[in-house]
$ cat protein24.txt   # compact mmCIF, C-alpha atoms
# COMPACT_ATOMS: atom_id res chain seq x y z
CA MET A 1 -83.50 155.20 -80.24
CA THR A 2 -82.90 153.85 -76.74
CA LYS A 3 -83.25 156.09 -73.69
CA LYS A 4 -79.48 156.16 -73.29
CA GLN A 5 -78.99 157.15 -76.93
CA ARG A 6 -81.66 159.80 -76.54
CA ALA A 7 -79.99 161.07 -73.36
CA LEU A 8 -76.59 161.40 -75.04
CA GLU A 9 -78.15 163.26 -77.96
CA VAL A 10 -80.00 165.61 -75.59
CA ILE A 11 -76.75 166.29 -73.71
CA GLU A 12 -74.90 167.25 -76.89
CA ARG A 13 -77.69 169.47 -78.20
CA LEU A 14 -78.08 171.29 -74.90
CA LYS A 15 -74.31 171.82 -74.79
CA ALA A 16 -74.52 173.51 -78.18
CA GLN A 17 -77.52 175.61 -77.14
CA TYR A 18 -76.20 176.57 -73.70
CA PRO A 19 -72.39 176.27 -73.82
CA ILE A 20 -71.90 177.81 -70.40
CA ALA A 21 -73.54 175.76 -67.66
CA GLY A 22 -73.64 176.92 -64.08
CA CYS A 23 -75.72 177.41 -60.99
CA SER A 24 -77.88 180.54 -61.00
CA LEU A 25 -77.42 180.96 -57.24
CA ASP A 26 -74.57 183.35 -56.41
CA TYR A 27 -71.92 182.03 -54.02
CA ASN A 28 -68.17 182.07 -53.53
CA GLU A 29 -67.94 179.62 -50.64
CA ALA A 30 -69.52 176.20 -50.17
CA TRP A 31 -71.47 177.14 -47.05
CA LYS A 32 -73.09 180.05 -48.90
CA LEU A 33 -74.46 177.69 -51.54
CA LEU A 34 -75.81 175.53 -48.73
CA VAL A 35 -77.66 178.56 -47.34
CA SER A 36 -78.90 179.71 -50.73
CA VAL A 37 -80.24 176.35 -51.81
CA ARG A 38 -82.28 176.15 -48.62
CA LEU A 39 -83.70 179.61 -49.23
CA ALA A 40 -84.47 178.73 -52.85
CA ALA A 41 -87.23 176.29 -51.89
CA GLN A 42 -90.45 177.80 -53.33
CA CYS A 43 -88.55 180.99 -54.13
CA THR A 44 -86.77 182.29 -57.23
CA ASP A 45 -82.99 182.18 -57.40
CA ALA A 46 -83.00 185.86 -58.34
CA ARG A 47 -84.71 186.82 -55.09
CA VAL A 48 -82.43 184.55 -53.05
CA ASN A 49 -79.37 186.25 -54.56
CA ILE A 50 -80.67 189.62 -53.35
CA VAL A 51 -81.65 188.45 -49.88
CA VAL A 52 -78.37 186.70 -49.07
CA GLU A 53 -76.40 189.89 -49.67
CA LYS A 54 -78.04 191.41 -46.60
CA LEU A 55 -77.66 188.17 -44.66
CA TYR A 56 -73.91 187.97 -45.30
CA GLU A 57 -73.38 191.65 -44.52
CA LYS A 58 -74.62 190.98 -41.00
CA PHE A 59 -73.30 187.42 -40.63
CA PRO A 60 -70.21 187.07 -42.87
CA ASP A 61 -69.08 183.55 -41.99
CA VAL A 62 -70.21 180.19 -40.63
CA GLU A 63 -69.35 181.08 -37.04
CA ALA A 64 -71.29 184.35 -37.14
CA LEU A 65 -74.33 182.69 -38.64
CA ALA A 66 -74.13 179.80 -36.18
CA LYS A 67 -74.18 182.29 -33.28
CA ALA A 68 -76.92 184.47 -34.78
CA PRO A 69 -80.34 184.49 -33.08
CA VAL A 70 -82.79 182.56 -35.24
CA GLU A 71 -85.19 185.50 -35.07
CA GLU A 72 -82.62 187.80 -36.70
CA ILE A 73 -81.99 185.30 -39.49
CA GLU A 74 -85.74 184.95 -40.02
CA GLU A 75 -86.20 188.71 -40.25
CA ILE A 76 -83.70 188.88 -43.13
CA VAL A 77 -84.77 185.78 -45.05
CA ARG A 78 -88.54 186.32 -44.72
CA PRO A 79 -88.86 187.66 -48.31
CA CYS A 80 -87.91 184.17 -49.53
CA GLY A 81 -91.00 182.70 -47.91
CA LEU A 82 -91.23 180.06 -45.17
CA GLY A 83 -88.96 182.29 -43.12
CA LYS A 84 -89.39 180.54 -39.80
CA SER A 85 -88.50 177.04 -40.99
CA LYS A 86 -85.72 178.23 -43.30
CA ALA A 87 -84.11 180.33 -40.56
CA ARG A 88 -84.30 177.41 -38.14
CA ASP A 89 -82.67 175.03 -40.63
CA ILE A 90 -79.94 177.49 -41.58
CA SER A 91 -79.10 178.14 -37.93
CA ALA A 92 -78.98 174.43 -37.06
CA CYS A 93 -76.97 173.63 -40.18
CA MET A 94 -74.34 176.29 -39.48
CA LYS A 95 -74.01 175.07 -35.88
CA ILE A 96 -73.27 171.55 -37.11
CA LEU A 97 -70.74 172.82 -39.66
CA LYS A 98 -69.00 174.80 -36.91
CA GLU A 99 -69.05 172.09 -34.25
CA GLU A 100 -68.52 168.92 -36.31
CA TYR A 101 -66.73 169.99 -39.47
CA GLY A 102 -64.56 172.92 -38.46
CA GLY A 103 -66.73 175.33 -40.41
CA GLU A 104 -66.32 173.37 -43.66
CA VAL A 105 -69.00 171.71 -45.77
CA PRO A 106 -68.48 167.91 -45.93
CA ASP A 107 -67.80 166.44 -49.37
CA ASP A 108 -69.77 163.29 -48.59
CA PHE A 109 -73.31 162.83 -49.92
CA ASP A 110 -74.62 160.94 -46.89
CA LYS A 111 -73.17 163.48 -44.46
CA LEU A 112 -74.78 166.30 -46.42
CA LEU A 113 -78.15 164.56 -46.20
CA LYS A 114 -77.90 164.60 -42.40
CA LEU A 115 -77.66 168.39 -42.32
CA PRO A 116 -80.91 170.20 -41.41
CA GLY A 117 -82.91 171.25 -44.46
CA VAL A 118 -80.73 169.35 -46.92
CA GLY A 119 -82.45 166.85 -49.21
CA ARG A 120 -81.18 164.86 -52.16
CA LYS A 121 -81.56 167.75 -54.59
CA SER A 122 -79.51 170.09 -52.39
CA ALA A 123 -76.89 167.46 -51.62
CA ASN A 124 -76.44 166.68 -55.31
CA LEU A 125 -76.10 170.37 -56.12
CA ILE A 126 -73.34 170.73 -53.53
CA MET A 127 -71.57 167.57 -54.69
CA GLY A 128 -71.62 168.65 -58.33
CA ASP A 129 -71.02 172.38 -58.14
CA VAL A 130 -68.68 172.61 -55.16
CA PHE A 131 -66.82 169.31 -55.22
CA HIS A 132 -67.14 168.52 -58.95
CA LYS A 133 -68.32 164.99 -58.30
CA PRO A 134 -71.01 163.09 -60.24
CA ALA A 135 -74.40 164.57 -59.41
CA ILE A 136 -77.94 164.77 -60.74
CA VAL A 137 -80.12 167.59 -59.44
CA THR A 138 -83.78 166.76 -59.97
CA ASP A 139 -85.46 170.13 -59.64
CA THR A 140 -88.85 170.93 -61.18
CA HIS A 141 -87.37 171.81 -64.58
CA CYS A 142 -85.44 168.54 -64.72
CA ILE A 143 -88.45 166.45 -63.76
CA ARG A 144 -90.83 168.18 -66.19
CA ILE A 145 -88.51 168.23 -69.20
CA CYS A 146 -87.17 164.69 -68.76
CA ASN A 147 -90.75 163.42 -68.72
CA ARG A 148 -91.60 165.43 -71.83
CA ILE A 149 -88.52 164.32 -73.75
CA GLY A 150 -89.00 160.69 -72.79
CA LEU A 151 -85.92 160.15 -70.65
CA VAL A 152 -88.22 159.13 -67.80
CA GLU A 153 -91.83 158.14 -67.99
CA GLY A 154 -94.81 158.88 -65.81
CA THR A 155 -93.08 159.85 -62.59
CA LYS A 156 -92.69 163.19 -60.86
CA ASP A 157 -91.06 161.72 -57.77
CA PRO A 158 -87.63 163.43 -57.54
CA LYS A 159 -85.78 160.37 -56.24
CA LYS A 160 -87.29 158.05 -58.87
CA VAL A 161 -86.35 160.52 -61.60
CA GLU A 162 -82.84 160.80 -60.19
CA MET A 163 -82.39 157.03 -60.06
CA ALA A 164 -83.68 156.66 -63.64
CA LEU A 165 -81.31 159.35 -64.91
CA TRP A 166 -78.29 157.80 -63.19
CA LYS A 167 -78.78 154.81 -65.52
CA ILE A 168 -78.60 156.83 -68.74
CA ILE A 169 -76.64 160.03 -67.97
CA PRO A 170 -72.83 159.75 -67.70
CA GLY A 171 -71.81 160.77 -64.19
CA GLU A 172 -69.42 163.47 -65.35
CA GLU A 173 -72.20 165.09 -67.40
CA GLY A 174 -74.94 165.04 -64.76
CA SER A 175 -74.39 168.36 -63.01
CA ASP A 176 -74.03 170.50 -66.15
CA PHE A 177 -76.86 168.60 -67.85
CA CYS A 178 -79.23 169.54 -65.02
CA HIS A 179 -78.12 173.19 -65.10
CA ARG A 180 -78.80 173.29 -68.83
CA LEU A 181 -82.26 171.85 -68.27
CA VAL A 182 -82.95 174.82 -65.97
CA TYR A 183 -81.95 177.25 -68.72
CA HIS A 184 -84.04 175.33 -71.24
CA GLY A 185 -87.00 175.23 -68.90
CA ARG A 186 -86.90 178.96 -68.35
CA GLU A 187 -86.40 179.94 -71.97
CA VAL A 188 -88.08 177.29 -74.11
CA CYS A 189 -89.80 174.36 -72.41
CA THR A 190 -91.66 176.58 -69.99
CA ALA A 191 -94.07 175.48 -67.28
CA ARG A 192 -96.40 178.47 -66.96
CA THR A 193 -96.97 178.94 -70.67
CA LYS A 194 -97.25 176.59 -73.62
CA PRO A 195 -93.76 175.22 -74.41
CA HIS A 196 -92.10 176.97 -77.34
CA CYS A 197 -91.60 173.78 -79.36
CA ASP A 198 -91.12 175.72 -82.58
CA ARG A 199 -87.73 176.97 -81.34
CA CYS A 200 -86.65 173.94 -79.34
CA CYS A 201 -83.37 172.24 -80.24
CA LEU A 202 -84.89 168.94 -79.10
CA MET A 203 -88.15 169.11 -81.04
CA ASP A 204 -87.46 166.22 -83.42
CA ILE A 205 -86.51 163.81 -80.62
CA CYS A 206 -88.98 164.95 -77.96
CA ARG A 207 -91.84 162.56 -77.21
CA GLN A 208 -94.25 165.41 -76.48
CA ALA A 209 -93.25 167.99 -79.08
CA GLY A 210 -96.24 170.11 -79.97
CA ILE A 211 -98.24 168.91 -76.98
CA SER A 212 -99.12 171.53 -74.35

$ encode --input "protein24.txt" --output "structure tokens"
Amino acid sequence: MTKKQRALEVIERLKAQYPIAGCSLDYNEAWKLLVSVRLAAQCTDARVNIVVEKLYEKFPDVEALAKAPVEEIEEIVRPCGLGKSKARDISACMKILKEEYGGEVPDDFDKLLKLPGVGRKSANLIMGDVFHKPAIVTDTHCIRICNRIGLVEGTKDPKKVEMALWKIIPGEEGSDFCHRLVYHGREVCTARTKPHCDRCCLMDICRQAGIS
């Protein structure tokens, strides 16, 4: 079985196991996902979803958040950790959206990368979830599971994993595939405990099945 054949089989099995694929960060506007994904660094999505409710109550749109004192943003987002740097990035990002893009989030990968606090993972998430364009989000679940399965080998570098996956994952499948890996990583192929290989839908094609 080639890596591409393995990838296509993994995609189909994960579709059957997790038919509904979606981002676990709550948002109803593109800029809110941009804020949430910055807050999610080293923080759970569940906590981010709680914290942003208070943030949006006080600053309900891009303009309000762009004008907000960084200290006030930091006070609200502190429970997500790294409050000072996250607040600074969010403030700077909202200012750029307001001044350069009319309050809208650009649908261009390279332009997204130029926004403060936005890396490849965040930019791909925005491109896939908001604009429904080909995207591969290499978060920790994706990197860990793809190495275990054998879709990539011996690299934990997010960009290298992303580039390797682009070669074997159909573009239109990338975003949902990565979301399903998150579900699988939380429920079955866990990081903090021994993976539950006995109930994994990929056990017979996984290179590391049964290995802690």

$ atom_distance --input "protein24.txt" --atom1 "atom CA of A:Arg199" --atom2 "atom CA of A:Cys43"
27.5 Å

$ atom_distance --input "protein24.txt" --atom1 "atom CA of A:Ile11" --atom2 "atom CA of A:Phe109"
24.3 Å

$ axis_aligned_box --input "protein24.txt" --around "stretch 6-24 of chain A" --padding-each-side "5 Å" --output "AutoDock Vina command-line options"
--center_x -76.8 --center_y 170.2 --center_z -69.6 --size_x 19.8 --size_y 30.7 --size_z 27.2

$ closest_residue --input "protein24.txt" --among "A:His179, A:Lys4, A:Lys58, A:Arg192" --to "A:Gly128" --atoms "all atoms listed in the file"
A:His179

$ residues_around --input "protein24.txt" --residues "A:Ile90" --least-positions-apart "5" --cutoff "8 Å" --atoms "all atoms listed in the file" --output "list of chain:residue names"
A:Val35, A:Arg38, A:Pro116, A:Gly117

$ closest_residue --input "protein24.txt" --among "A:Ile211, A:Ala66, A:Val182, A:Leu151" --to "A:Leu14" --atoms "all atoms listed in the file"
A:Val182

$ closest_residue --input "protein24.txt" --among "A:Ala41, A:Val152, A:Val70, A:Ile76" --to "A:Cys206" --atoms "only C-alpha atoms"
A:Val152

$ residues_around --input "protein24.txt" --residues "A:Gly103" --least-positions-apart "6" --cutoff "9 Å" --atoms "all atoms listed in the file" --output "ChimeraX atom specification"
/A:31,61-63,94-97

$ residues_around --input "protein24.txt" --residues "A:Pro195" --least-positions-apart "2" --cutoff "12 Å" --atoms "all atoms listed in the file" --output "compact mmCIF listing (two decimals) with C-alpha atoms, in the frame of the given file"
# COMPACT_ATOMS: atom_id res chain seq x y z
CA ARG A 144 -90.83 168.18 -66.19
CA ILE A 145 -88.51 168.23 -69.20
CA ARG A 148 -91.60 165.43 -71.83
CA HIS A 184 -84.04 175.33 -71.24
CA GLY A 185 -87.00 175.23 -68.90
CA ARG A 186 -86.90 178.96 -68.35
CA GLU A 187 -86.40 179.94 -71.97
CA VAL A 188 -88.08 177.29 -74.11
CA CYS A 189 -89.80 174.36 -72.41
CA THR A 190 -91.66 176.58 -69.99
CA ALA A 191 -94.07 175.48 -67.28
CA ARG A 192 -96.40 178.47 -66.96
CA THR A 193 -96.97 178.94 -70.67
CA CYS A 197 -91.60 173.78 -79.36
CA ASP A 198 -91.12 175.72 -82.58
CA ARG A 199 -87.73 176.97 -81.34
CA CYS A 200 -86.65 173.94 -79.34
CA LEU A 202 -84.89 168.94 -79.10
CA MET A 203 -88.15 169.11 -81.04
CA CYS A 206 -88.98 164.95 -77.96
CA GLN A 208 -94.25 165.41 -76.48
CA ALA A 209 -93.25 167.99 -79.08
CA GLY A 210 -96.24 170.11 -79.97
CA ILE A 211 -98.24 168.91 -76.98
CA SER A 212 -99.12 171.53 -74.35

$ residues_around --input "protein24.txt" --residues "A:Glu162" --least-positions-apart "2" --cutoff "10 Å" --atoms "only C-alpha atoms" --output "ChimeraX atom specification"
/A:120-121,124,135-139,142-143,152,157-160,164-167,169

$ write_last_selection --input "protein24.txt" --atoms "C-alpha atoms" --output "mmCIF file, keeping the file's coordinate frame"
data_model
loop_
_atom_site.group_PDB
_atom_site.id
_atom_site.type_symbol
_atom_site.label_atom_id
_atom_site.label_comp_id
_atom_site.auth_asym_id
_atom_site.auth_seq_id
_atom_site.Cartn_x
_atom_site.Cartn_y
_atom_site.Cartn_z
ATOM 1 C CA ARG A 120 -81.180 164.860 -52.160
ATOM 2 C CA LYS A 121 -81.560 167.750 -54.590
ATOM 3 C CA ASN A 124 -76.440 166.680 -55.310
ATOM 4 C CA ALA A 135 -74.400 164.570 -59.410
ATOM 5 C CA ILE A 136 -77.940 164.770 -60.740
ATOM 6 C CA VAL A 137 -80.120 167.590 -59.440
ATOM 7 C CA THR A 138 -83.780 166.760 -59.970
ATOM 8 C CA ASP A 139 -85.460 170.130 -59.640
ATOM 9 C CA CYS A 142 -85.440 168.540 -64.720
ATOM 10 C CA ILE A 143 -88.450 166.450 -63.760
ATOM 11 C CA VAL A 152 -88.220 159.130 -67.800
ATOM 12 C CA ASP A 157 -91.060 161.720 -57.770
ATOM 13 C CA PRO A 158 -87.630 163.430 -57.540
ATOM 14 C CA LYS A 159 -85.780 160.370 -56.240
ATOM 15 C CA LYS A 160 -87.290 158.050 -58.870
ATOM 16 C CA ALA A 164 -83.680 156.660 -63.640
ATOM 17 C CA LEU A 165 -81.310 159.350 -64.910
ATOM 18 C CA TRP A 166 -78.290 157.800 -63.190
ATOM 19 C CA LYS A 167 -78.780 154.810 -65.520
ATOM 20 C CA ILE A 169 -76.640 160.030 -67.970
#

$ closest_residue --input "protein24.txt" --among "A:Ala123, A:Tyr183, A:Cys80, A:Ala46" --to "A:Ile20" --atoms "all atoms listed in the file"
A:Tyr183

$ atom_distance --input "protein24.txt" --atom1 "atom CA of A:Ser85" --atom2 "atom CA of A:Gln42"
12.5 Å

$ residues_near_point --input "protein24.txt" --point "(-79.6, 167.0, -76.9)" --cutoff "10 Å" --atoms "all atoms listed in the file" --output "MDAnalysis selection string"
chainID A and resid 5:17 149 177 201:203 205:206

$ closest_residue --input "protein24.txt" --among "A:Ile73, A:Met163, A:Leu33, A:Gly102" --to "A:Glu57" --atoms "all atoms listed in the file"
A:Ile73

$ residues_around --input "protein24.txt" --residues "A:Leu34" --least-positions-apart "2" --cutoff "10 Å" --atoms "only C-alpha atoms" --output "short mmCIF file (atom, residue, chain, number, x, y, z; two decimals) with C-alpha atoms, in the frame of the given file"
data_model
loop_
_atom_site.label_atom_id
_atom_site.label_comp_id
_atom_site.auth_asym_id
_atom_site.auth_seq_id
_atom_site.Cartn_x
_atom_site.Cartn_y
_atom_site.Cartn_z
CA TYR A 27 -71.92 182.03 -54.02
CA GLU A 29 -67.94 179.62 -50.64
CA ALA A 30 -69.52 176.20 -50.17
CA TRP A 31 -71.47 177.14 -47.05
CA LYS A 32 -73.09 180.05 -48.90
CA SER A 36 -78.90 179.71 -50.73
CA VAL A 37 -80.24 176.35 -51.81
CA ARG A 38 -82.28 176.15 -48.62
CA LEU A 39 -83.70 179.61 -49.23
CA ILE A 90 -79.94 177.49 -41.58
CA CYS A 93 -76.97 173.63 -40.18
CA MET A 94 -74.34 176.29 -39.48
CA VAL A 105 -69.00 171.71 -45.77
CA LEU A 112 -74.78 166.30 -46.42
CA LEU A 115 -77.66 168.39 -42.32
CA GLY A 117 -82.91 171.25 -44.46
CA VAL A 118 -80.73 169.35 -46.92
CA SER A 122 -79.51 170.09 -52.39
CA ALA A 123 -76.89 167.46 -51.62
CA LEU A 125 -76.10 170.37 -56.12
CA ILE A 126 -73.34 170.73 -53.53
#
